[in-house]
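Asker: My structure file target_29.txt, compact mmCIF, C-alpha atoms, is below:
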# COMPACT_ATOMS: atom_id res chain seq x y z
CA LEU J 176 -117.90 -171.72 -27.35
CA ALA J 177 -114.53 -171.62 -25.57
CA CYS J 178 -115.68 -168.83 -23.24
CA TYR J 179 -119.22 -169.86 -22.37
CA ARG J 180 -118.56 -173.61 -22.17
CA ALA J 181 -115.83 -172.96 -19.60
CA LEU J 182 -117.99 -170.60 -17.52
CA PHE J 183 -120.99 -172.96 -17.56
CA ALA J 184 -118.68 -175.82 -16.55
CA ALA J 185 -117.38 -173.83 -13.57
CA VAL J 186 -120.86 -172.78 -12.39
CA GLY J 187 -122.40 -176.20 -12.99
CA LEU J 188 -119.77 -178.00 -10.94
CA LEU J 189 -119.88 -175.65 -7.93
CA PRO J 190 -122.59 -177.66 -6.08
CA PHE J 191 -120.41 -180.77 -6.25
CA VAL J 192 -117.32 -179.23 -4.65
CA SER J 193 -116.34 -180.76 -1.32
CA TRP J 194 -115.77 -177.45 0.40
CA ARG J 195 -114.17 -179.00 3.47
CA ARG J 196 -111.22 -180.05 1.31
CA VAL J 197 -110.89 -176.74 -0.55
CA ARG J 198 -107.60 -174.92 -0.22
CA LEU J 199 -106.30 -171.77 -1.87
CA THR J 200 -102.63 -172.37 -2.57
CA THR J 201 -100.05 -171.22 -5.08
CA ARG J 202 -99.77 -174.86 -6.17
CA LEU J 203 -102.96 -174.28 -8.17
CA VAL J 204 -101.37 -171.61 -10.39
CA PRO J 205 -99.61 -173.96 -12.89
CA SER J 206 -102.85 -175.88 -13.44
CA ILE J 207 -104.94 -172.73 -13.94
CA VAL J 208 -102.44 -171.10 -16.30
CA SER J 209 -101.81 -174.28 -18.33
CA PHE J 210 -105.53 -174.88 -18.79
CA ALA J 211 -106.23 -171.30 -19.89
CA VAL J 212 -103.31 -171.29 -22.36
CA MET J 213 -104.39 -174.67 -23.75
CA ASN J 214 -107.98 -173.49 -24.23
CA VAL J 215 -107.03 -170.24 -26.01
CA LEU J 216 -104.36 -171.79 -28.24
CA PHE J 217 -106.53 -174.75 -29.22
CA VAL J 218 -109.50 -172.61 -30.24
CA SER J 219 -107.19 -170.19 -32.06
CA ALA J 220 -105.61 -173.08 -33.94
CA PHE J 221 -109.04 -174.24 -35.08
CA THR J 222 -109.59 -170.88 -36.80
CA ARG J 223 -106.33 -171.07 -38.74
CA THR J 224 -105.89 -174.71 -39.71
CA THR J 225 -108.02 -177.81 -40.23
CA ALA J 226 -109.87 -179.36 -37.30
CA GLY J 227 -108.10 -182.67 -37.87
CA ALA J 228 -104.67 -181.07 -37.81
CA ALA J 229 -105.46 -179.03 -34.70
CA SER J 230 -106.80 -182.05 -32.83
CA CYS J 231 -103.95 -184.37 -33.80
CA LEU J 232 -101.20 -181.86 -33.13
CA GLN J 233 -102.62 -181.18 -29.68
CA TYR J 234 -102.00 -184.82 -28.86
CA THR J 235 -98.28 -184.38 -29.22
CA SER J 236 -98.90 -183.62 -25.52
CA THR J 237 -98.26 -187.30 -24.79
CA ALA J 238 -94.62 -186.99 -25.81
CA TRP J 239 -94.20 -183.89 -23.63
CA VAL J 240 -95.87 -185.68 -20.70
CA PHE J 241 -93.41 -188.56 -21.01
CA LEU J 242 -90.46 -186.14 -21.10
CA PHE J 243 -91.62 -183.86 -18.28
CA GLY J 244 -92.85 -186.79 -16.17
CA TRP J 245 -89.41 -188.35 -16.44
CA LEU J 246 -87.50 -185.13 -15.76
CA VAL J 247 -89.76 -183.45 -13.19
CA LEU J 248 -91.76 -186.21 -11.49
CA LYS J 249 -88.97 -188.80 -11.79
CA GLU J 250 -91.35 -191.41 -13.23
CA ARG J 251 -89.75 -194.48 -14.75
CA ILE J 252 -90.42 -194.78 -18.49
CA HIS J 253 -92.15 -198.12 -18.92
CA PRO J 254 -91.14 -200.06 -22.10
CA GLY J 255 -94.77 -200.86 -22.87
CA ASN J 256 -95.60 -197.16 -22.75
CA VAL J 257 -92.82 -196.41 -25.22
CA ILE J 258 -94.23 -198.95 -27.68
CA ALA J 259 -97.74 -197.51 -27.26
CA LEU J 260 -96.40 -193.96 -27.70
CA VAL J 261 -94.50 -194.79 -30.91
CA SER J 262 -97.53 -196.59 -32.33
CA ALA J 263 -99.83 -193.72 -31.39
CA GLY J 264 -97.40 -191.20 -32.84
CA CYS J 265 -97.43 -193.08 -36.15
CA GLY J 266 -101.22 -193.16 -36.08
CA ILE J 267 -101.54 -189.45 -35.41
CA ALA J 268 -98.95 -188.63 -38.09
CA TRP J 269 -100.82 -190.82 -40.59
CA ILE J 270 -104.10 -189.02 -39.90
CA LEU J 271 -102.44 -185.62 -40.00
CA PHE J 272 -100.40 -185.91 -43.17
CA SER J 273 -102.91 -188.02 -45.09
CA GLU J 274 -105.56 -185.37 -44.56
CA HIS J 275 -103.21 -182.46 -45.25
CA ASP J 276 -105.04 -179.70 -47.08
CA ASP J 277 -103.17 -176.40 -47.36
CA GLN J 278 -102.65 -176.03 -43.62
CA GLN J 279 -101.36 -172.74 -42.38
CA ALA J 280 -98.09 -172.67 -40.48
CA LEU J 281 -99.39 -170.36 -37.77
CA GLY J 282 -102.34 -172.62 -36.99
CA ASN J 283 -100.07 -175.65 -36.76
CA LEU J 284 -97.71 -173.82 -34.41
CA LEU J 285 -100.64 -172.78 -32.21
CA ALA J 286 -101.86 -176.38 -32.11
CA LEU J 287 -98.40 -177.61 -31.16
CA GLY J 288 -98.35 -174.98 -28.42
CA SER J 289 -101.70 -176.22 -27.16
CA GLY J 290 -100.15 -179.69 -26.97
CA VAL J 291 -97.40 -178.41 -24.69
CA ALA J 292 -100.01 -176.63 -22.53
CA TYR J 293 -102.16 -179.78 -22.44
CA ALA J 294 -99.17 -181.71 -21.14
CA GLY J 295 -98.88 -179.05 -18.45
CA VAL J 296 -102.52 -179.65 -17.50
CA ILE J 297 -102.00 -183.41 -17.12
CA LEU J 298 -98.81 -182.94 -15.09
CA ALA J 299 -100.44 -180.30 -12.91
CA LEU J 300 -103.42 -182.55 -12.19
CA ARG J 301 -101.02 -185.29 -11.17
CA TRP J 302 -99.09 -182.85 -8.96
CA LEU J 303 -102.37 -181.73 -7.34
CA ARG J 304 -103.63 -185.28 -6.72
CA ASP J 305 -104.12 -184.49 -3.01
CA GLU J 306 -106.36 -181.49 -3.74
CA GLU J 307 -110.14 -181.62 -4.19
CA PRO J 308 -110.47 -182.51 -7.91
CA THR J 309 -113.80 -180.77 -8.55
CA TRP J 310 -112.46 -177.57 -6.98
CA VAL J 311 -109.38 -177.68 -9.22
CA THR J 312 -111.62 -178.21 -12.25
CA VAL J 313 -113.87 -175.29 -11.28
CA LEU J 314 -110.90 -172.93 -10.94
CA ASN J 315 -109.39 -174.05 -14.26
CA HIS J 316 -112.60 -173.44 -16.17
CA ALA J 317 -113.56 -170.23 -14.39
CA PHE J 318 -110.21 -168.58 -15.04
CA SER J 319 -110.17 -169.78 -18.65
CA GLY J 320 -113.66 -168.40 -19.30
CA LEU J 321 -113.05 -165.09 -17.55
CA ILE J 322 -109.96 -164.43 -19.67
CA LEU J 323 -112.08 -164.72 -22.82
CA LEU J 324 -115.13 -162.88 -21.45
CA PRO J 325 -113.86 -159.32 -22.24
CA VAL J 326 -113.42 -160.37 -25.88
CA MET J 327 -116.96 -161.75 -25.98
CA LEU J 328 -118.45 -158.59 -24.46
CA THR J 329 -117.02 -156.46 -27.27
CA ARG J 330 -118.86 -158.53 -29.90
CA SER J 331 -122.56 -158.29 -30.66
CA ILE J 332 -123.39 -161.99 -30.53
CA GLU J 333 -127.00 -162.91 -29.77
CA LEU J 334 -127.89 -166.47 -28.77
CA THR J 335 -131.28 -168.14 -28.65
CA ALA J 336 -132.63 -169.92 -25.57
CA LEU J 337 -131.89 -173.26 -27.21
CA GLN J 338 -128.28 -172.22 -27.93
CA TRP J 339 -127.79 -171.12 -24.32
CA SER J 340 -129.19 -174.46 -23.16
CA LEU J 341 -126.83 -176.38 -25.46
CA LEU J 342 -123.86 -174.34 -24.24
CA ALA J 343 -124.81 -175.10 -20.64
CA PHE J 344 -125.11 -178.81 -21.44
CA LEU J 345 -121.77 -178.85 -23.25
CA GLY J 346 -120.10 -176.93 -20.45
CA VAL J 347 -121.22 -179.24 -17.65
CA PHE J 348 -121.36 -182.67 -19.30
CA GLN J 349 -118.92 -182.42 -22.22
CA MET J 350 -116.25 -180.23 -20.62
CA GLY J 351 -116.59 -179.98 -16.85
CA LEU J 352 -117.45 -183.57 -15.87
CA PRO J 353 -114.76 -185.16 -18.09
CA TYR J 354 -112.06 -183.03 -16.46
CA VAL J 355 -113.28 -184.01 -13.00
CA LEU J 356 -112.96 -187.66 -14.04
CA ALA J 357 -109.54 -186.91 -15.55
CA ALA J 358 -108.36 -185.28 -12.33
CA ARG J 359 -109.48 -188.34 -10.34
CA GLY J 360 -107.88 -190.71 -12.85
CA VAL J 361 -104.52 -188.92 -12.92
CA ALA J 362 -104.43 -189.11 -9.13
CA LEU J 363 -104.56 -192.92 -9.37
CA LEU J 364 -102.38 -193.54 -12.43
CA SER J 365 -98.99 -192.40 -13.60
CA VAL J 366 -98.95 -189.40 -15.93
CA GLN J 367 -97.60 -191.66 -18.69
CA GLU J 368 -100.56 -194.01 -18.48
CA SER J 369 -103.01 -191.12 -18.23
CA ALA J 370 -101.53 -189.45 -21.31
CA LEU J 371 -101.74 -192.69 -23.29
CA LEU J 372 -105.39 -193.29 -22.45
CA VAL J 373 -106.49 -189.84 -23.65
CA LEU J 374 -105.12 -190.80 -27.08
CA LEU J 375 -108.43 -192.61 -27.55
CA GLU J 376 -110.09 -189.23 -28.11
CA PRO J 377 -108.77 -188.54 -31.66
CA ILE J 378 -110.37 -191.78 -32.85
CA LEU J 379 -113.48 -191.64 -30.66
CA VAL J 380 -114.45 -188.23 -32.10
CA PRO J 381 -114.96 -189.53 -35.68
CA PHE J 382 -116.61 -192.65 -34.23
CA TRP J 383 -119.22 -190.52 -32.46
CA ALA J 384 -119.69 -188.50 -35.66
CA TRP J 385 -120.36 -191.73 -37.55
CA LEU J 386 -122.67 -193.08 -34.84
CA CYS J 387 -124.75 -189.91 -34.44
CA TRP J 388 -124.76 -188.42 -37.95
CA GLY J 389 -123.68 -191.25 -40.25
CA GLU J 390 -120.48 -189.43 -41.19
CA GLN J 391 -118.28 -191.97 -42.97
CA LEU J 392 -114.80 -192.64 -41.64
CA GLY J 393 -112.02 -192.08 -44.16
CA TRP J 394 -109.13 -194.48 -44.63
CA PRO J 395 -106.65 -192.11 -42.92
CA THR J 396 -108.78 -192.15 -39.76
CA LEU J 397 -109.33 -195.92 -39.92
CA ILE J 398 -105.63 -196.71 -40.42
CA GLY J 399 -104.38 -194.11 -37.95
CA GLY J 400 -106.98 -195.13 -35.38
CA SER J 401 -105.99 -198.77 -35.75
CA LEU J 402 -102.37 -197.86 -35.01
CA ILE J 403 -103.39 -195.94 -31.90
CA LEU J 404 -105.66 -198.72 -30.63
CA GLY J 405 -103.11 -201.39 -31.57
CA GLY J 406 -100.40 -199.74 -29.53
CA LEU J 407 -102.68 -199.44 -26.51
CA ALA J 408 -103.82 -203.06 -26.93
CA VAL J 409 -100.21 -204.30 -26.94
CA ARG J 410 -99.42 -202.14 -23.92
CA TYR J 411 -102.23 -203.57 -21.80
CA ALA J 412 -102.09 -207.13 -23.13
CA VAL J 413 -98.34 -207.71 -22.80
CA TRP J 414 -97.69 -205.40 -19.84
CA SER J 415 -100.94 -205.71 -17.94
CA GLU J 416 -99.64 -204.54 -14.59
CA ARG J 417 -100.25 -200.95 -13.67
CA VAL J 418 -97.33 -198.60 -13.48
CA HIS J 419 -97.78 -196.12 -10.68
CA ALA J 420 -95.72 -193.02 -10.15
CA GLU J 421 -93.55 -192.71 -7.12
CA PRO J 422 -95.59 -191.22 -4.22
Just give me the structure of the file as structure tokens.
Answerer:
Amino acid sequence: LACYRALFAAVGLLPFVSWRRVRLTTRLVPSIVSFAVMNVLFVSAFTRTTAGAASCLQYTSTAWVFLFGWLVLKERIHPGNVIALVSAGCGIAWILFSEHDDQQALGNLLALGSGVAYAGVILALRWLRDEEPTWVTVLNHAFSGLILLPVMLTRSIELTALQWSLLAFLGVFQMGLPYVLAARGVALLSVQESALLVLLEPILVPFWAWLCWGEQLGWPTLIGGSLILGGLAVRYAVWSERVHAEP
């Protein structure tokens, strides 16, 4: 999944690249490396710990984004963002520890590492806000998929036509397109605000599972999700003005 989704995303987005704006520059390297490391660590974590733990621990990226954005990009830490971050941190911790089920230390460490790498992706996208976003997304996915391709070629895995079609769909619409939108969004918002908004994903995933398959939401997810949403609601209700990074 990690390999083929990334490659399909890269190929599927090629026709939408604005080639007149394409540049090959060393500034792209941090984005490419961060994305590849995040992809590998996140998938590896999934094989060694629970899906809930891996997903929640990856979103410690928000804390790293705040720290690196303050130190590297010199972005002012907005008080509303701090409140939203603390609330979201409590929500993620509630989900994580309430659903604790013999998690393995290595998997948790890999997931935490993927969180650091994910923060690198968000910061890199912000740093590359003047570059063509679809081109950056294509490079990130292509490099990430090509790193994993030698591993895939050594395994005798046969896929049906339907499975190939689903992988192509997931690559373009579930992985590639969202990162193009993310790259455009980060270019317009501060990295703090961007990192806070992606915290909706840990609660939207179980919502989609309930909507599509009738999977019931447990109390840990309901309570933790309420904390995450509550913090974001306070942030945008009390401090409604946008906080932009310094140009």
Asker: Tell me which of J:Leu188, J:Leu232, J:Leu182, J:Ile207 sits closest to Ile267 of chain J, counting all atoms listed in the file.
Answerer: J:Leu232
Asker: Mind pulling up the distance from atom CA of Ser236 of chain J to atom CA of Ala370 of chain J?
Answerer: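 If I compute the distance from atom CA of Ala370 of chain J to atom CA of Ser236 of chain J, I get 7.7 Å.
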Asker: So the first atom is atom CA of Val204 of chain J and the second is atom CA of Pro190 of chain J; what is the distance between them in Å, to one decimal place?
Answerer: 22.5 Å
Asker: Extract, using all atoms listed in the file, all DNA, RNA and protein residues at most 9 Å from Ala299 of chain J, discarding same-chain residues fewer than 5 positions from it, and format them as number ranges by chain.
Answerer: J: 202-203, 205-207, 209, 294, 304
Asker: Could you please determine the separation between atom CA of His316 of chain J and atom CA of Ala211 of chain J in Å, to one decimal place?
Answerer: 7.7 Å
Asker: Of the residues J:Gly406, J:Ser331, J:Phe318, J:Arg301, which is the one nearest to Ala357 of chain J, using all atoms listed in the file?
Answerer: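 Closest to Ala357 of chain J, using all atoms listed in the file: J:Arg301.
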Asker: From the set J:Val296, J:Leu379, J:Cys387, J:Leu176, which residue has the shortest atom-to-atom contact distance to Leu334 of chain J, counting all atoms listed in the file?
Answerer: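 Among the listed residues, J:Leu176 lies closest to Leu334 of chain J.
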Asker: Please check which residues have atoms at most 6 Å from (-97.7, -197.5, -33.4) in the file's coordinates, counting only C-alpha atoms, and write them as a tab-separated table (two decimals) with C-alpha atoms, keeping the file's coordinate frame.
Answerer:
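Generated file (selection-v1.tsv):
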chain	number	residue	atom	x	y	z
J	261	VAL	CA	-94.50	-194.79	-30.91
J	262	SER	CA	-97.53	-196.59	-32.33
J	263	ALA	CA	-99.83	-193.72	-31.39
J	265	CYS	CA	-97.43	-193.08	-36.15
J	402	LEU	CA	-102.37	-197.86	-35.01
J	406	GLY	CA	-100.40	-199.74	-29.53
Asker: Return the single residue from J:Leu323, J:Leu345, J:Leu363, J:Leu372 that is closest to Ile403 of chain J, with distances computed using all atoms listed in the file.
Answerer: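 Selected residue with least distance to Ile403 of chain J: J:Leu372.
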Asker: Give the answer as one residue: which of J:Leu287, J:Phe348, J:Gly400, J:Thr237 has the shortest atom-to-atom distance to Phe221 of chain J, using only C-alpha atoms?
Answerer: J:Leu287
Asker: Contacts of Trp194 of chain J at 12 Å or less, counting only C-alpha atoms, minus same-chain residues fewer than 3 places along, as a VMD selection string?
Answerer: chain J and resid 189 to 191 197 to 199 306 to 311
Asker: Can you pull out the residues contacting Ser273 of chain J? Cut-off 7 Å, using only C-alpha atoms, and skip same-chain residues under 3 positions away; I want them as a PyMOL selection string.
Answerer: chain J and resi 269-270+395
Asker: With N, CA and C atoms as the target, complete segment 219-238 of chain J and hand it back as a PDB file, in the frame of the given file.
Answerer:
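Output saved as result20.pdb:
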ATOM      1  N   SER J 219    -107.835-171.033 -31.045  1.00  0.00           N
ATOM      2  CA  SER J 219    -107.190-170.190 -32.060  1.00  0.00           C
ATOM      3  C   SER J 219    -106.666-171.022 -33.214  1.00  0.00           C
ATOM      4  N   ALA J 220    -106.113-172.196 -32.890  1.00  0.00           N
ATOM      5  CA  ALA J 220    -105.610-173.080 -33.940  1.00  0.00           C
ATOM      6  C   ALA J 220    -106.728-173.534 -34.860  1.00  0.00           C
ATOM      7  N   PHE J 221    -107.899-173.787 -34.289  1.00  0.00           N
ATOM      8  CA  PHE J 221    -109.040-174.240 -35.080  1.00  0.00           C
ATOM      9  C   PHE J 221    -109.452-173.208 -36.127  1.00  0.00           C
ATOM     10  N   THR J 222    -109.194-171.923 -35.851  1.00  0.00           N
ATOM     11  CA  THR J 222    -109.590-170.880 -36.800  1.00  0.00           C
ATOM     12  C   THR J 222    -108.558-170.671 -37.892  1.00  0.00           C
ATOM     13  N   ARG J 223    -107.403-171.322 -37.791  1.00  0.00           N
ATOM     14  CA  ARG J 223    -106.330-171.070 -38.740  1.00  0.00           C
ATOM     15  C   ARG J 223    -105.840-172.315 -39.465  1.00  0.00           C
ATOM     16  N   THR J 224    -106.277-173.484 -39.031  1.00  0.00           N
ATOM     17  CA  THR J 224    -105.890-174.710 -39.710  1.00  0.00           C
ATOM     18  C   THR J 224    -107.064-175.675 -39.657  1.00  0.00           C
ATOM     19  N   THR J 225    -106.905-176.862 -40.198  1.00  0.00           N
ATOM     20  CA  THR J 225    -108.020-177.810 -40.230  1.00  0.00           C
ATOM     21  C   THR J 225    -108.272-178.373 -38.829  1.00  0.00           C
ATOM     22  N   ALA J 226    -109.514-178.793 -38.593  1.00  0.00           N
ATOM     23  CA  ALA J 226    -109.870-179.360 -37.300  1.00  0.00           C
ATOM     24  C   ALA J 226    -109.055-180.614 -37.014  1.00  0.00           C
ATOM     25  N   GLY J 227    -108.868-181.452 -38.057  1.00  0.00           N
ATOM     26  CA  GLY J 227    -108.100-182.670 -37.870  1.00  0.00           C
ATOM     27  C   GLY J 227    -106.662-182.391 -37.468  1.00  0.00           C
ATOM     28  N   ALA J 228    -106.057-181.411 -38.131  1.00  0.00           N
ATOM     29  CA  ALA J 228    -104.670-181.070 -37.810  1.00  0.00           C
ATOM     30  C   ALA J 228    -104.569-180.518 -36.393  1.00  0.00           C
ATOM     31  N   ALA J 229    -105.500-179.627 -36.033  1.00  0.00           N
ATOM     32  CA  ALA J 229    -105.460-179.030 -34.700  1.00  0.00           C
ATOM     33  C   ALA J 229    -105.616-180.091 -33.622  1.00  0.00           C
ATOM     34  N   SER J 230    -106.559-181.002 -33.822  1.00  0.00           N
ATOM     35  CA  SER J 230    -106.800-182.050 -32.830  1.00  0.00           C
ATOM     36  C   SER J 230    -105.605-182.985 -32.704  1.00  0.00           C
ATOM     37  N   CYS J 231    -105.072-183.422 -33.846  1.00  0.00           N
ATOM     38  CA  CYS J 231    -103.950-184.370 -33.800  1.00  0.00           C
ATOM     39  C   CYS J 231    -102.693-183.744 -33.226  1.00  0.00           C
ATOM     40  N   LEU J 232    -102.415-182.512 -33.612  1.00  0.00           N
ATOM     41  CA  LEU J 232    -101.200-181.860 -33.130  1.00  0.00           C
ATOM     42  C   LEU J 232    -101.289-181.579 -31.627  1.00  0.00           C
ATOM     43  N   GLN J 233    -102.494-181.379 -31.116  1.00  0.00           N
ATOM     44  CA  GLN J 233    -102.620-181.180 -29.680  1.00  0.00           C
ATOM     45  C   GLN J 233    -102.176-182.418 -28.916  1.00  0.00           C
ATOM     46  N   TYR J 234    -102.334-183.589 -29.553  1.00  0.00           N
ATOM     47  CA  TYR J 234    -102.000-184.820 -28.860  1.00  0.00           C
ATOM     48  C   TYR J 234    -100.531-185.182 -28.955  1.00  0.00           C
ATOM     49  N   THR J 235     -99.714-184.250 -29.447  1.00  0.00           N
ATOM     50  CA  THR J 235     -98.280-184.380 -29.220  1.00  0.00           C
ATOM     51  C   THR J 235     -97.986-184.174 -27.732  1.00  0.00           C
ATOM     52  N   SER J 236     -99.042-183.797 -26.970  1.00  0.00           N
ATOM     53  CA  SER J 236     -98.900-183.620 -25.520  1.00  0.00           C
ATOM     54  C   SER J 236     -98.365-184.886 -24.852  1.00  0.00           C
ATOM     55  N   THR J 237     -98.702-186.049 -25.413  1.00  0.00           N
ATOM     56  CA  THR J 237     -98.260-187.300 -24.790  1.00  0.00           C
ATOM     57  C   THR J 237     -96.740-187.390 -24.722  1.00  0.00           C
ATOM     58  N   ALA J 238     -96.083-186.970 -25.798  1.00  0.00           N
ATOM     59  CA  ALA J 238     -94.620-186.990 -25.810  1.00  0.00           C
ATOM     60  C   ALA J 238     -94.063-186.042 -24.755  1.00  0.00           C
TER      61      ALA J 238
END
